[in-house]
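Structure file entry.cif with mmCIF, C-alpha atoms:
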```cif
data_final
loop_
_atom_site.label_atom_id
_atom_site.label_comp_id
_atom_site.auth_asym_id
_atom_site.auth_seq_id
_atom_site.Cartn_x
_atom_site.Cartn_y
_atom_site.Cartn_z
CA MET A 33 17.25 15.38 17.32
CA ASN A 34 16.65 18.88 18.66
CA THR A 35 13.34 20.50 17.85
CA ALA A 36 12.70 24.22 17.70
CA THR A 37 9.44 25.50 19.22
CA PRO A 38 7.35 27.42 16.69
CA GLU A 39 6.27 30.99 17.40
CA PRO A 40 2.51 31.41 17.97
CA SER A 41 2.34 33.71 14.94
CA GLU A 42 3.98 31.03 12.76
CA GLN A 43 1.54 28.42 14.02
CA ALA A 44 -1.44 30.69 13.36
CA GLU A 45 -0.23 31.58 9.85
CA ALA A 46 0.34 27.92 8.98
CA GLU A 47 -3.16 27.05 10.19
CA ARG A 48 -4.69 29.92 8.16
CA PHE A 49 -2.84 28.81 5.02
CA ALA A 50 -3.89 25.18 5.48
CA ALA A 51 -7.53 26.15 6.08
CA ALA A 52 -7.68 28.50 3.08
CA ASN A 53 -6.23 25.87 0.73
CA PHE A 54 -7.88 22.80 2.26
CA PRO A 55 -10.57 22.31 -0.45
CA TRP A 56 -7.97 22.57 -3.23
CA ASN A 57 -5.45 20.29 -1.53
CA PHE A 58 -8.17 17.79 -0.58
CA THR A 59 -9.23 17.62 -4.24
CA VAL A 60 -5.82 17.34 -5.90
CA ASN A 61 -4.58 14.75 -3.42
CA ALA A 62 -7.76 12.74 -3.89
CA LEU A 63 -7.20 12.80 -7.65
CA ASP A 64 -3.54 11.84 -7.22
CA VAL A 65 -4.44 8.76 -5.18
CA ALA A 66 -7.48 7.89 -7.34
CA PHE A 67 -5.57 7.82 -10.63
CA PHE A 68 -2.66 6.00 -9.01
CA LEU A 69 -5.03 3.29 -7.81
CA LEU A 70 -6.67 3.17 -11.24
CA ALA A 71 -3.24 2.37 -12.69
CA LEU A 72 -2.63 -0.35 -10.12
CA SER A 73 -5.99 -1.98 -10.89
CA VAL A 74 -5.07 -2.34 -14.58
CA VAL A 75 -1.87 -4.21 -13.58
CA SER A 76 -3.13 -5.66 -10.27
CA GLN A 77 -0.55 -7.40 -8.09
CA THR A 78 -3.32 -9.75 -6.96
CA THR A 79 -4.59 -10.82 -10.39
CA ILE A 80 -2.78 -9.47 -13.50
CA MET A 81 0.85 -9.69 -12.37
CA PRO A 82 0.57 -13.28 -11.04
CA LEU A 83 -0.95 -14.37 -14.36
CA LEU A 84 1.84 -12.63 -16.26
CA VAL A 85 4.45 -14.45 -14.19
CA ARG A 86 2.56 -17.72 -14.72
CA LYS A 87 2.89 -17.16 -18.49
CA LEU A 88 6.65 -16.71 -18.06
CA THR A 89 7.40 -19.54 -15.60
CA ASP A 90 5.79 -22.51 -13.82
CA SER A 91 7.39 -21.59 -10.47
CA THR A 92 4.97 -20.80 -7.62
CA LEU A 93 7.88 -19.23 -5.73
CA ALA A 94 8.21 -16.71 -8.56
CA ILE A 95 4.59 -15.72 -8.02
CA GLY A 96 5.34 -15.20 -4.32
CA LEU A 97 8.23 -12.92 -5.29
CA ILE A 98 5.81 -10.31 -6.69
CA PRO A 99 4.52 -9.03 -3.32
CA ALA A 100 7.87 -9.83 -1.67
CA ILE A 101 9.92 -7.64 -4.02
CA ALA A 102 7.27 -4.94 -3.98
CA SER A 103 7.15 -4.82 -0.19
CA ILE A 104 10.93 -5.03 0.39
CA GLY A 105 11.53 -2.30 -2.17
CA TYR A 106 8.84 -0.09 -0.70
CA LEU A 107 9.42 -0.60 3.01
CA LEU A 108 13.16 -0.95 3.62
CA PRO A 109 14.45 2.37 2.18
CA GLN A 110 12.16 4.57 4.24
CA LEU A 111 14.35 4.94 7.32
CA LEU A 112 17.28 5.91 5.10
CA ILE A 113 15.35 8.95 3.86
CA ALA A 114 13.29 9.90 6.95
CA ASN A 115 16.10 11.96 8.53
CA TYR A 116 16.49 13.90 5.27
CA ALA A 117 12.73 14.43 4.95
CA GLU A 118 12.47 15.84 8.47
CA GLY A 119 14.87 18.64 7.51
CA LEU A 120 12.84 19.77 4.47
CA ARG A 121 10.65 22.81 5.02
CA ARG A 122 8.79 21.86 1.84
CA LYS A 123 8.42 18.30 0.65
CA LYS A 124 6.70 18.59 -2.73
CA ARG A 125 9.71 19.20 -4.98
CA PHE A 126 11.55 16.18 -3.60
CA ILE A 127 8.45 14.00 -4.04
CA GLN A 128 7.89 15.20 -7.61
CA ILE A 129 11.40 14.19 -8.62
CA ILE A 130 11.53 10.77 -7.02
CA SER A 131 7.97 9.74 -7.89
CA GLY A 132 8.28 10.76 -11.55
CA ILE A 133 10.73 8.65 -13.51
CA GLY A 134 11.72 6.42 -10.59
CA GLU A 135 8.27 5.32 -9.42
CA ARG A 136 6.19 5.67 -12.58
CA GLY A 137 8.69 5.06 -15.39
CA PRO A 138 9.12 1.31 -14.78
CA TYR A 139 5.52 0.63 -15.76
CA VAL A 140 5.91 1.80 -19.34
CA ALA A 141 9.31 0.07 -19.47
CA THR A 142 7.67 -3.19 -18.40
CA GLY A 143 5.10 -2.84 -21.15
CA ILE A 144 7.82 -2.38 -23.76
CA LEU A 145 9.77 -5.35 -22.39
CA VAL A 146 6.76 -7.68 -22.43
CA LEU A 147 5.67 -6.54 -25.89
CA THR A 148 9.08 -6.96 -27.55
CA LEU A 149 10.50 -10.04 -25.78
CA GLY A 150 7.58 -11.78 -24.08
CA SER A 151 7.26 -14.61 -26.59
CA GLN A 152 10.92 -14.99 -27.57
CA SER A 153 12.73 -14.62 -24.22
CA PRO A 154 10.41 -15.29 -21.27
CA THR A 155 13.27 -15.68 -18.79
CA VAL A 156 14.74 -12.31 -19.76
CA VAL A 157 11.31 -10.72 -19.42
CA LEU A 158 10.78 -12.35 -16.02
CA ILE A 159 14.09 -11.01 -14.70
CA GLY A 160 13.45 -7.59 -16.21
CA PHE A 161 9.95 -7.50 -14.75
CA PHE A 162 11.23 -8.15 -11.23
CA ILE A 163 14.02 -5.55 -11.60
CA LEU A 164 11.58 -2.89 -12.80
CA LEU A 165 9.10 -3.82 -10.07
CA GLY A 166 11.88 -3.33 -7.54
CA ILE A 167 12.89 0.08 -8.96
CA ALA A 168 9.30 1.34 -8.89
CA ASN A 169 8.77 0.27 -5.29
CA ILE A 170 12.16 1.46 -4.02
CA SER A 171 11.35 4.90 -5.47
CA ALA A 172 7.92 4.80 -3.84
CA GLY A 173 9.51 3.90 -0.52
CA LEU A 174 12.03 6.73 -0.70
CA GLY A 175 9.22 9.20 -1.34
CA THR A 176 6.68 7.96 1.22
CA PRO A 177 7.92 9.62 4.46
CA ALA A 178 8.02 13.03 2.76
CA TRP A 179 4.74 12.44 0.92
CA TYR A 180 2.74 11.49 3.98
CA ASP A 181 4.24 14.35 5.94
CA LEU A 182 2.98 16.60 3.13
CA ILE A 183 -0.47 14.98 3.47
CA ALA A 184 -0.40 15.59 7.23
CA LYS A 185 0.38 19.27 6.63
CA VAL A 186 -2.46 19.91 4.18
CA ILE A 187 -5.18 17.49 5.46
CA PRO A 188 -6.24 17.96 9.13
CA ALA A 189 -6.25 14.86 11.34
CA GLU A 190 -10.03 14.91 11.76
CA ARG A 191 -10.50 14.82 7.96
CA ARG A 192 -7.85 12.27 6.98
CA GLY A 193 -10.20 9.32 7.27
CA VAL A 194 -12.74 10.95 4.96
CA TRP A 195 -9.97 12.01 2.56
CA ALA A 196 -8.49 8.51 2.50
CA GLY A 197 -11.92 6.98 2.05
CA ILE A 198 -12.99 9.29 -0.78
CA SER A 199 -9.68 9.26 -2.64
CA ARG A 200 -9.19 5.52 -2.38
CA GLY A 201 -12.89 4.89 -2.94
CA LEU A 202 -12.83 6.96 -6.12
CA GLY A 203 -9.68 5.15 -7.19
CA SER A 204 -11.31 1.80 -6.60
CA LEU A 205 -14.44 2.82 -8.54
CA LEU A 206 -12.25 3.90 -11.42
CA GLY A 207 -10.46 0.62 -10.88
CA VAL A 208 -13.63 -1.29 -11.74
CA ALA A 209 -13.39 0.21 -15.21
CA GLY A 210 -9.64 -0.43 -15.18
CA ALA A 211 -10.21 -4.08 -14.31
CA ALA A 212 -12.78 -4.39 -17.09
CA LEU A 213 -10.29 -2.83 -19.50
CA ALA A 214 -7.61 -5.27 -18.36
CA GLY A 215 -9.93 -8.21 -18.89
CA ARG A 216 -10.85 -6.99 -22.38
CA LEU A 217 -7.22 -6.44 -23.34
CA LEU A 218 -6.24 -9.92 -22.15
CA GLU A 219 -9.25 -11.47 -23.90
CA ASP A 220 -8.68 -9.67 -27.20
CA TYR A 221 -4.88 -9.70 -27.42
CA GLY A 222 -3.70 -12.52 -25.13
CA PHE A 223 -0.04 -12.92 -24.25
CA PRO A 224 2.17 -10.95 -24.64
CA ARG A 225 0.34 -8.00 -26.24
CA GLY A 226 -2.59 -7.93 -23.84
CA PHE A 227 -0.31 -7.71 -20.81
CA ALA A 228 1.87 -5.06 -22.46
CA PHE A 229 -1.19 -2.93 -23.27
CA CYS A 230 -2.27 -3.20 -19.61
CA PHE A 231 1.05 -1.68 -18.53
CA PHE A 232 0.77 1.07 -21.15
CA ALA A 233 -2.76 1.96 -19.97
CA ALA A 234 -1.53 2.05 -16.36
CA SER A 235 1.27 4.42 -17.38
CA VAL A 236 -1.20 6.95 -18.79
CA SER A 237 -3.11 7.01 -15.51
CA LEU A 238 0.14 7.41 -13.55
CA VAL A 239 1.01 10.55 -15.54
CA VAL A 240 -2.36 12.07 -14.59
CA SER A 241 -1.67 11.15 -10.96
CA TRP A 242 1.72 12.91 -11.03
CA PHE A 243 0.23 16.16 -12.34
CA ALA A 244 -2.38 16.11 -9.58
CA LEU A 245 0.36 15.58 -6.98
CA SER A 246 2.28 18.51 -8.45
CA ALA A 247 -0.72 20.80 -7.96
CA ASN A 248 -0.43 20.71 -4.14
CA ARG A 249 -0.31 24.06 -2.36
CA GLU A 250 2.15 23.28 0.41
CA PRO A 251 2.92 25.51 3.41
CA ASP A 252 6.34 25.61 5.02
CA SER A 253 6.83 23.21 7.93
CA ILE A 254 6.82 25.34 11.06
CA VAL A 255 9.13 22.88 12.82
CA THR A 256 12.03 21.08 11.15
CA LYS A 257 14.85 19.02 12.59
CA PRO A 258 18.55 19.53 11.93
CA ARG A 259 19.93 16.62 9.95
CA VAL A 260 22.39 14.36 11.71
CA ASN A 261 24.57 11.61 10.31
CA LEU A 262 22.87 8.25 9.85
CA THR A 263 24.85 6.57 12.64
CA THR A 264 23.64 9.10 15.20
CA TYR A 265 20.11 8.97 13.79
CA PHE A 266 19.86 5.18 13.92
CA ARG A 267 21.33 5.10 17.43
CA LYS A 268 18.36 7.12 18.71
CA LEU A 269 15.66 4.93 17.15
CA PRO A 270 15.57 2.10 19.73
CA ALA A 271 14.51 4.70 22.32
CA VAL A 272 11.26 5.15 20.41
CA LEU A 273 10.33 1.50 20.97
CA ARG A 274 11.46 1.49 24.61
CA ARG A 275 9.48 4.63 25.39
CA ASP A 276 6.29 3.86 23.50
CA ARG A 277 5.07 0.38 24.46
CA ASN A 278 1.72 0.83 22.74
CA TYR A 279 3.47 1.59 19.48
CA LEU A 280 5.58 -1.56 19.93
CA HIS A 281 2.41 -3.58 20.54
CA TYR A 282 0.97 -2.14 17.33
CA LEU A 283 4.01 -3.16 15.30
CA LEU A 284 3.89 -6.73 16.61
CA ALA A 285 0.13 -7.12 16.15
CA ARG A 286 0.16 -5.65 12.67
CA SER A 287 3.08 -7.87 11.65
CA VAL A 288 1.12 -10.98 12.65
CA ALA A 289 -1.86 -9.72 10.64
CA VAL A 290 0.37 -9.10 7.63
CA LEU A 291 1.72 -12.65 7.84
CA GLY A 292 -1.90 -13.75 7.70
CA GLY A 293 -2.12 -12.24 4.23
CA MET A 294 0.39 -14.74 2.81
CA GLY A 295 -2.25 -16.35 0.62
CA THR A 296 -3.56 -13.23 -1.11
CA GLY A 297 -1.34 -13.47 -4.17
CA PHE A 298 -2.34 -17.10 -4.66
CA PHE A 299 -6.13 -16.73 -4.62
CA MET A 300 -6.35 -16.04 -8.36
CA VAL A 301 -3.75 -18.66 -9.30
CA TYR A 302 -5.55 -21.26 -7.13
CA GLY A 303 -8.83 -20.35 -8.82
CA ALA A 304 -7.26 -20.46 -12.28
CA ASP A 305 -5.81 -23.92 -11.62
CA ARG A 306 -9.02 -25.25 -10.11
CA PHE A 307 -11.67 -23.63 -12.33
CA ALA A 308 -9.70 -22.81 -15.54
CA ILE A 309 -10.19 -19.03 -15.22
CA GLU A 310 -9.18 -16.96 -18.25
CA GLY A 311 -9.58 -13.46 -19.78
CA GLN A 312 -13.02 -12.01 -19.05
CA MET A 313 -13.46 -13.90 -15.77
CA VAL A 314 -10.11 -12.52 -14.58
CA GLY A 315 -11.41 -9.04 -15.35
CA ALA A 316 -14.72 -9.77 -13.59
CA LEU A 317 -13.05 -10.99 -10.39
CA THR A 318 -10.64 -8.06 -10.46
CA ALA A 319 -13.69 -5.78 -10.78
CA VAL A 320 -15.24 -7.43 -7.70
CA LEU A 321 -11.96 -6.87 -5.84
CA VAL A 322 -11.66 -3.18 -6.66
CA GLY A 323 -15.42 -2.56 -6.39
CA SER A 324 -15.61 -3.92 -2.85
CA GLN A 325 -12.44 -1.98 -2.06
CA ALA A 326 -14.13 1.18 -3.33
CA LEU A 327 -17.19 0.71 -1.12
CA GLY A 328 -15.00 -0.32 1.78
CA ASN A 329 -12.85 2.79 1.45
CA LEU A 330 -15.86 5.13 1.52
CA LEU A 331 -17.48 3.39 4.47
CA LEU A 332 -14.37 2.65 6.53
CA GLY A 333 -12.92 6.13 5.99
CA ALA A 334 -15.98 7.75 7.57
CA ILE A 335 -16.00 5.23 10.42
CA ALA A 336 -12.27 5.75 11.08
CA ASP A 337 -12.75 9.47 11.73
CA ARG A 338 -15.31 8.55 14.40
CA VAL A 339 -13.84 5.48 16.12
CA GLY A 340 -10.14 5.60 15.21
CA HIS A 341 -7.93 3.62 12.87
CA ARG A 342 -7.08 0.71 15.18
CA ALA A 343 -10.59 -0.76 14.88
CA ILE A 344 -10.46 -0.50 11.09
CA LEU A 345 -7.17 -2.40 10.93
CA ALA A 346 -8.56 -5.12 13.22
CA PHE A 347 -11.59 -5.43 10.94
CA GLY A 348 -9.30 -5.69 7.90
CA ALA A 349 -7.40 -8.59 9.46
CA LEU A 350 -10.63 -10.45 10.20
CA ALA A 351 -11.86 -9.82 6.64
CA MET A 352 -8.66 -11.44 5.35
CA THR A 353 -9.36 -14.40 7.65
CA ALA A 354 -12.79 -14.79 6.08
CA ALA A 355 -11.32 -14.47 2.55
CA ALA A 356 -8.95 -17.38 3.11
CA ILE A 357 -11.78 -19.47 4.55
CA SER A 358 -14.01 -18.69 1.57
CA VAL A 359 -11.42 -19.69 -1.04
CA LEU A 360 -11.04 -23.06 0.68
CA LEU A 361 -14.80 -23.62 0.64
CA ALA A 362 -15.41 -22.32 -2.91
CA PRO A 363 -17.50 -24.91 -4.82
CA SER A 364 -17.41 -22.95 -8.09
CA VAL A 365 -15.76 -20.01 -9.79
CA ILE A 366 -18.71 -17.76 -8.87
CA TRP A 367 -17.98 -18.30 -5.18
CA LEU A 368 -14.57 -16.72 -5.70
CA ALA A 369 -16.39 -13.41 -5.99
CA VAL A 370 -16.96 -13.66 -2.21
CA THR A 371 -13.25 -14.24 -1.69
CA PHE A 372 -12.21 -11.19 -3.69
CA ALA A 373 -14.92 -9.02 -2.14
CA LEU A 374 -13.47 -9.83 1.29
CA VAL A 375 -9.93 -9.16 0.05
CA GLY A 376 -11.15 -5.78 -1.20
CA LEU A 377 -12.57 -4.92 2.24
CA SER A 378 -9.33 -6.02 3.91
CA ASN A 379 -7.29 -3.94 1.50
CA ALA A 380 -9.56 -0.95 2.12
CA GLY A 381 -8.94 -1.16 5.86
CA ALA A 382 -5.18 -1.20 5.35
CA LEU A 383 -5.28 1.64 2.81
CA VAL A 384 -7.51 3.89 4.91
CA SER A 385 -5.81 3.36 8.26
CA GLY A 386 -2.37 1.80 7.75
CA LEU A 387 -0.52 5.11 7.38
CA ASN A 388 -3.04 7.39 9.09
CA ILE A 389 -2.71 5.60 12.42
CA ILE A 390 1.06 6.17 12.43
CA LEU A 391 0.56 9.94 12.37
CA GLU A 392 -1.38 9.66 15.64
CA PHE A 393 1.38 7.87 17.54
CA CYS A 394 3.83 10.80 17.36
CA ALA A 395 4.50 14.54 17.45
CA PRO A 396 4.30 16.34 14.07
CA GLU A 397 8.06 16.80 13.71
CA ASP A 398 8.60 13.04 14.14
CA ARG A 399 6.18 11.97 11.42
CA PRO A 400 8.79 10.97 8.79
CA THR A 401 10.70 8.96 11.40
CA TYR A 402 7.62 7.11 12.62
CA ILE A 403 6.46 6.41 9.06
CA GLY A 404 9.88 5.14 8.03
CA LEU A 405 10.42 3.19 11.26
CA THR A 406 7.01 1.52 11.03
CA ASN A 407 7.34 0.47 7.42
CA THR A 408 10.94 -0.66 7.79
CA LEU A 409 10.26 -2.78 10.88
CA MET A 410 7.25 -4.35 9.21
CA ALA A 411 9.23 -5.11 6.05
CA PRO A 412 10.38 -8.58 7.19
CA ALA A 413 6.81 -9.78 7.82
CA THR A 414 5.49 -8.18 4.66
CA ALA A 415 8.30 -9.57 2.51
CA ILE A 416 8.48 -13.06 3.94
CA ALA A 417 4.73 -13.73 4.03
CA PRO A 418 4.27 -14.43 0.28
CA ILE A 419 7.58 -16.31 0.14
CA ILE A 420 6.39 -18.58 2.96
CA GLY A 421 3.11 -18.95 1.09
CA GLY A 422 4.83 -19.97 -2.14
CA ALA A 423 7.12 -22.42 -0.34
CA LEU A 424 4.21 -24.02 1.52
CA VAL A 425 2.25 -24.41 -1.71
CA THR A 426 5.23 -26.21 -3.24
CA VAL A 427 5.77 -28.51 -0.25
CA VAL A 428 2.33 -29.16 1.27
CA GLY A 429 -0.17 -27.63 -1.15
CA TYR A 430 -2.61 -24.73 -1.21
CA ARG A 431 -5.00 -25.94 1.48
CA ALA A 432 -2.36 -26.21 4.23
CA MET A 433 -0.98 -22.80 3.32
CA PHE A 434 -4.44 -21.21 3.44
CA GLY A 435 -5.04 -22.88 6.82
CA LEU A 436 -1.96 -21.24 8.34
CA ALA A 437 -2.97 -17.91 6.80
CA ILE A 438 -6.39 -18.16 8.47
CA ALA A 439 -4.83 -18.74 11.91
CA LEU A 440 -2.36 -15.84 11.62
CA ALA A 441 -4.84 -13.34 10.21
CA ALA A 442 -7.34 -14.13 12.97
CA LEU A 443 -4.66 -13.79 15.66
CA GLY A 444 -3.54 -10.45 14.20
CA GLY A 445 -7.10 -9.15 14.27
CA VAL A 446 -7.56 -10.16 17.90
CA LEU A 447 -4.26 -8.57 18.95
CA LEU A 448 -5.10 -5.31 17.18
CA GLY A 449 -8.52 -5.26 18.79
CA PHE A 450 -7.56 -6.10 22.38
CA TRP A 451 -3.80 -5.55 22.87
CA VAL A 452 -3.29 -2.20 21.14
CA ARG A 453 -4.77 1.00 22.62
CA GLU A 454 -6.29 3.55 20.25
CA PRO A 455 -3.47 6.17 19.92
CA ARG A 456 -5.94 8.99 19.26
CA ARG A 457 -7.09 8.77 22.86
CA GLY A 458 -4.92 10.04 25.71
CA ALA A 459 -1.76 8.01 26.24
CA GLY A 460 -1.58 6.86 22.65
CA ARG A 461 0.62 9.73 21.36
CA ALA A 462 4.30 10.00 22.23
CA GLU A 463 6.30 13.15 22.85
CA ALA A 464 8.77 14.35 20.24
CA VAL A 465 11.98 12.33 19.94
CA ALA A 466 14.71 14.20 21.73
#
```
Represent the supplied structure as structure tokens.
Amino acid sequence: MNTATPEPSEQAEAERFAAANFPWNFTVNALDVAFFLLALSVVSQTTIMPLLVRKLTDSTLAIGLIPAIASIGYLLPQLLIANYAEGLRRKKRFIQIISGIGERGPYVATGILVLTLGSQSPTVVLIGFFILLGIANISAGLGTPAWYDLIAKVIPAERRGVWAGISRGLGSLLGVAGAALAGRLLEDYGFPRGFAFCFFAASVSLVVSWFALSANREPDSIVTKPRVNLTTYFRKLPAVLRRDRNYLHYLLARSVAVLGGMGTGFFMVYGADRFAIEGQMVGALTAVLVGSQALGNLLLGAIADRVGHRAILAFGALAMTAAAISVLLAPSVIWLAVTFALVGLSNAGALVSGLNIILEFCAPEDRPTYIGLTNTLMAPATAIAPIIGGALVTVVGYRAMFGLAIALAALGGVLLGFWVREPRRGAGRAEAVA
């Protein structure tokens, strides 16, 4: 992968363009993320989707398939598109196309499917739901390397933590209202109409998000890479791991932490089985989740710009450890608010720092490759974690599964804190891939 050296005049012009348009790009990208997160809160993968699947089937493995399909679809395609993204001088047009119908369309389609067939053909709806969930996340995965390279071009490194914190914090605050709306819809309309209306409401917010994304003022990339065939491209990737041991340590530590999140999708189902949670209480706990995520985003984003993203990810893993402990100790439904508050903080850490830290491991021209490589290599852990969780619940019960989750999340936090060096400092960043 040969890289051309930019002329000083090109570098200066790109920096002037980025500085002049920074307030605009900061704002529109914050709105894009905020309204996207609002949509996801109305059809939360942690609360709303598991309850929908529970209405369609009694299988706990099916509930575990929600995060598994979402993560496989999102993570695996990224390396297939990274080489293409590195050759684009402008990324926005490509992102607009793939994130429009492909990423956002399945939500309205799911609403129609649930509304028309939810009562009559639950098995058909279940299969259709998983197919549409896969399409949405595959499209998101194909767009992510180009999208985050666009973010890196228009948001300076020293402001990305604040941007991530504000945009995701605003999205989580809006999500409190979204969660309340979801709870009201489920309470008033039940199954299937309440769930269908949740997906329709999410679709409206996703349209607003797409228009905000489309308003980006993007400069040309001053360095692009010539595209090579996929065989040649993949043959060069192992050198990245051999050369950058700290990056390899990060991948291993983060994978262990992700495995520690195997119980997340079962917290609400466990609470529903144990305390007979319905309608408004689902909305209330979802509001706690997104509210704590909102505060966590704002606080952790500011901290990340000061201390680096590694510490934030370690904190997130330890927060997930505490969440799993709290759900085991919960004596009443009210105590579950502590569980979901801790999940929100853990999610905030991953959202603020999970992608931002990758940008600091590599040279600018390698950003799509590092993003795609990271997410693809972490796909097995991300995908298998909820499947392991569902299988353990079936075989040995919730408490044993939560116990294993506690051990893995704690180990991941320790490894991130003590085994991985902060890439922002000195030896953390690698040279461009040759």
Listing only residues of stretch 133-191 of chain A within 7 Å of stretch 380-400 of chain A, what is the closest atom pair and its distance in Å (to one decimal) for each, using all atoms listed in the file, sorted by chain and residue number ascending, as a Markdown table?
```
| residue | atom | partner | partner_atom | distance |
| --- | --- | --- | --- | --- |
| A:Pro177 | CA | A:Pro400 | CA | 4.6 |
| A:Ala178 | CA | A:Pro400 | CA | 6.4 |
| A:Asp181 | CA | A:Arg399 | CA | 6.3 |
```
Selection: 12 Å around A:Ile159, all atoms listed in the file, excl. self and same-chain fewer than 2 positions, as an NGL selection string: :A and (85 or 88-89 or 94 or 97-98 or 101 or 142 or 145-146 or 149-150 or 153-157 or 161-166)
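Put simply, the PyMOL selection byres ((chain A and resi 347) around 10) on this file hits Leu332, His341, Arg342, Ala343, Ile344, Leu345, Ala346, Gly348, Ala349, Leu350, Ala351, Met352, Thr353, Leu377, Ser378, Gly381, Ala382, Ala442, Gly445, Val446, Leu448 and Gly449 of chain A.
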Take the residues just selected and output them with C-alpha atoms as a CSV table (one decimal), in the coordinates of the input.
```
chain,number,residue,atom,x,y,z
A,332,LEU,CA,-14.4,2.6,6.5
A,341,HIS,CA,-7.9,3.6,12.9
A,342,ARG,CA,-7.1,0.7,15.2
A,343,ALA,CA,-10.6,-0.8,14.9
A,344,ILE,CA,-10.5,-0.5,11.1
A,345,LEU,CA,-7.2,-2.4,10.9
A,346,ALA,CA,-8.6,-5.1,13.2
A,348,GLY,CA,-9.3,-5.7,7.9
A,349,ALA,CA,-7.4,-8.6,9.5
A,350,LEU,CA,-10.6,-10.4,10.2
A,351,ALA,CA,-11.9,-9.8,6.6
A,352,MET,CA,-8.7,-11.4,5.4
A,353,THR,CA,-9.4,-14.4,7.6
A,377,LEU,CA,-12.6,-4.9,2.2
A,378,SER,CA,-9.3,-6.0,3.9
A,381,GLY,CA,-8.9,-1.2,5.9
A,382,ALA,CA,-5.2,-1.2,5.4
A,442,ALA,CA,-7.3,-14.1,13.0
A,445,GLY,CA,-7.1,-9.2,14.3
A,446,VAL,CA,-7.6,-10.2,17.9
A,448,LEU,CA,-5.1,-5.3,17.2
A,449,GLY,CA,-8.5,-5.3,18.8
```
For the PyMOL selection byres ((chain A and resi 320-331) around 7), applied here, can you spell out every residue it catches as a ChimeraX atom specification? /A:197-198,200-202,204-205,207-208,316-319,332-335,369,372-373,375-377,379-380,384
Atoms kept (C-alpha atoms) for selection, written as an mmCIF file, in the frame of the given file:
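Saved to again-v7.cif:
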```cif
data_model
loop_
_atom_site.group_PDB
_atom_site.id
_atom_site.type_symbol
_atom_site.label_atom_id
_atom_site.label_comp_id
_atom_site.auth_asym_id
_atom_site.auth_seq_id
_atom_site.Cartn_x
_atom_site.Cartn_y
_atom_site.Cartn_z
ATOM 1 C CA GLY A 197 -11.920 6.980 2.050
ATOM 2 C CA ILE A 198 -12.990 9.290 -0.780
ATOM 3 C CA ARG A 200 -9.190 5.520 -2.380
ATOM 4 C CA GLY A 201 -12.890 4.890 -2.940
ATOM 5 C CA LEU A 202 -12.830 6.960 -6.120
ATOM 6 C CA SER A 204 -11.310 1.800 -6.600
ATOM 7 C CA LEU A 205 -14.440 2.820 -8.540
ATOM 8 C CA GLY A 207 -10.460 0.620 -10.880
ATOM 9 C CA VAL A 208 -13.630 -1.290 -11.740
ATOM 10 C CA ALA A 316 -14.720 -9.770 -13.590
ATOM 11 C CA LEU A 317 -13.050 -10.990 -10.390
ATOM 12 C CA THR A 318 -10.640 -8.060 -10.460
ATOM 13 C CA ALA A 319 -13.690 -5.780 -10.780
ATOM 14 C CA LEU A 332 -14.370 2.650 6.530
ATOM 15 C CA GLY A 333 -12.920 6.130 5.990
ATOM 16 C CA ALA A 334 -15.980 7.750 7.570
ATOM 17 C CA ILE A 335 -16.000 5.230 10.420
ATOM 18 C CA ALA A 369 -16.390 -13.410 -5.990
ATOM 19 C CA PHE A 372 -12.210 -11.190 -3.690
ATOM 20 C CA ALA A 373 -14.920 -9.020 -2.140
ATOM 21 C CA VAL A 375 -9.930 -9.160 0.050
ATOM 22 C CA GLY A 376 -11.150 -5.780 -1.200
ATOM 23 C CA LEU A 377 -12.570 -4.920 2.240
ATOM 24 C CA ASN A 379 -7.290 -3.940 1.500
ATOM 25 C CA ALA A 380 -9.560 -0.950 2.120
ATOM 26 C CA VAL A 384 -7.510 3.890 4.910
#
```
With all atoms listed in the file counted, which protein, DNA or RNA residues have an atom no more than 10 Å from (-4.7, -24.2, 2.2) in the file frame? Please answer as a compact mmCIF listing (two decimals) with C-alpha atoms, in the frame of the given file.
```txt
# COMPACT_ATOMS: atom_id res chain seq x y z
CA GLY A 295 -2.25 -16.35 0.62
CA TYR A 302 -5.55 -21.26 -7.13
CA ALA A 356 -8.95 -17.38 3.11
CA ILE A 357 -11.78 -19.47 4.55
CA VAL A 359 -11.42 -19.69 -1.04
CA LEU A 360 -11.04 -23.06 0.68
CA GLY A 421 3.11 -18.95 1.09
CA LEU A 424 4.21 -24.02 1.52
CA VAL A 425 2.25 -24.41 -1.71
CA VAL A 428 2.33 -29.16 1.27
CA GLY A 429 -0.17 -27.63 -1.15
CA TYR A 430 -2.61 -24.73 -1.21
CA ARG A 431 -5.00 -25.94 1.48
CA ALA A 432 -2.36 -26.21 4.23
CA MET A 433 -0.98 -22.80 3.32
CA PHE A 434 -4.44 -21.21 3.44
CA GLY A 435 -5.04 -22.88 6.82
CA LEU A 436 -1.96 -21.24 8.34
CA ALA A 437 -2.97 -17.91 6.80
CA ILE A 438 -6.39 -18.16 8.47
```
Hey, which of A:Ile183, A:Val314, A:Leu405, A:Val339 ends up closest to A:Tyr265? Count only C-alpha atoms. A:Leu405
Which residues, named as in the file, does the PyMOL selection byres ((chain A and resi 65-74) around 6) pick out? Answer as a VMD selection string. chain A and resid 62 to 64 75 to 76 199 to 200 202 to 203 206 to 207 210 to 211 214 230 234 237 to 238 241
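Summary of the local environment: counting all atoms listed in the file, residues at most 8 Å from stretch 283-290 of chain A, other than itself and those fewer than 5 positions away along its chain, are A:Ala349, A:Thr406, A:Leu409, A:Met410, A:Ala413, A:Thr414, A:Ala417, A:Leu440, A:Ala441, A:Ala442, A:Leu443, A:Gly444, A:Gly445, A:Leu447, A:Leu448, A:Trp451, A:Val452.
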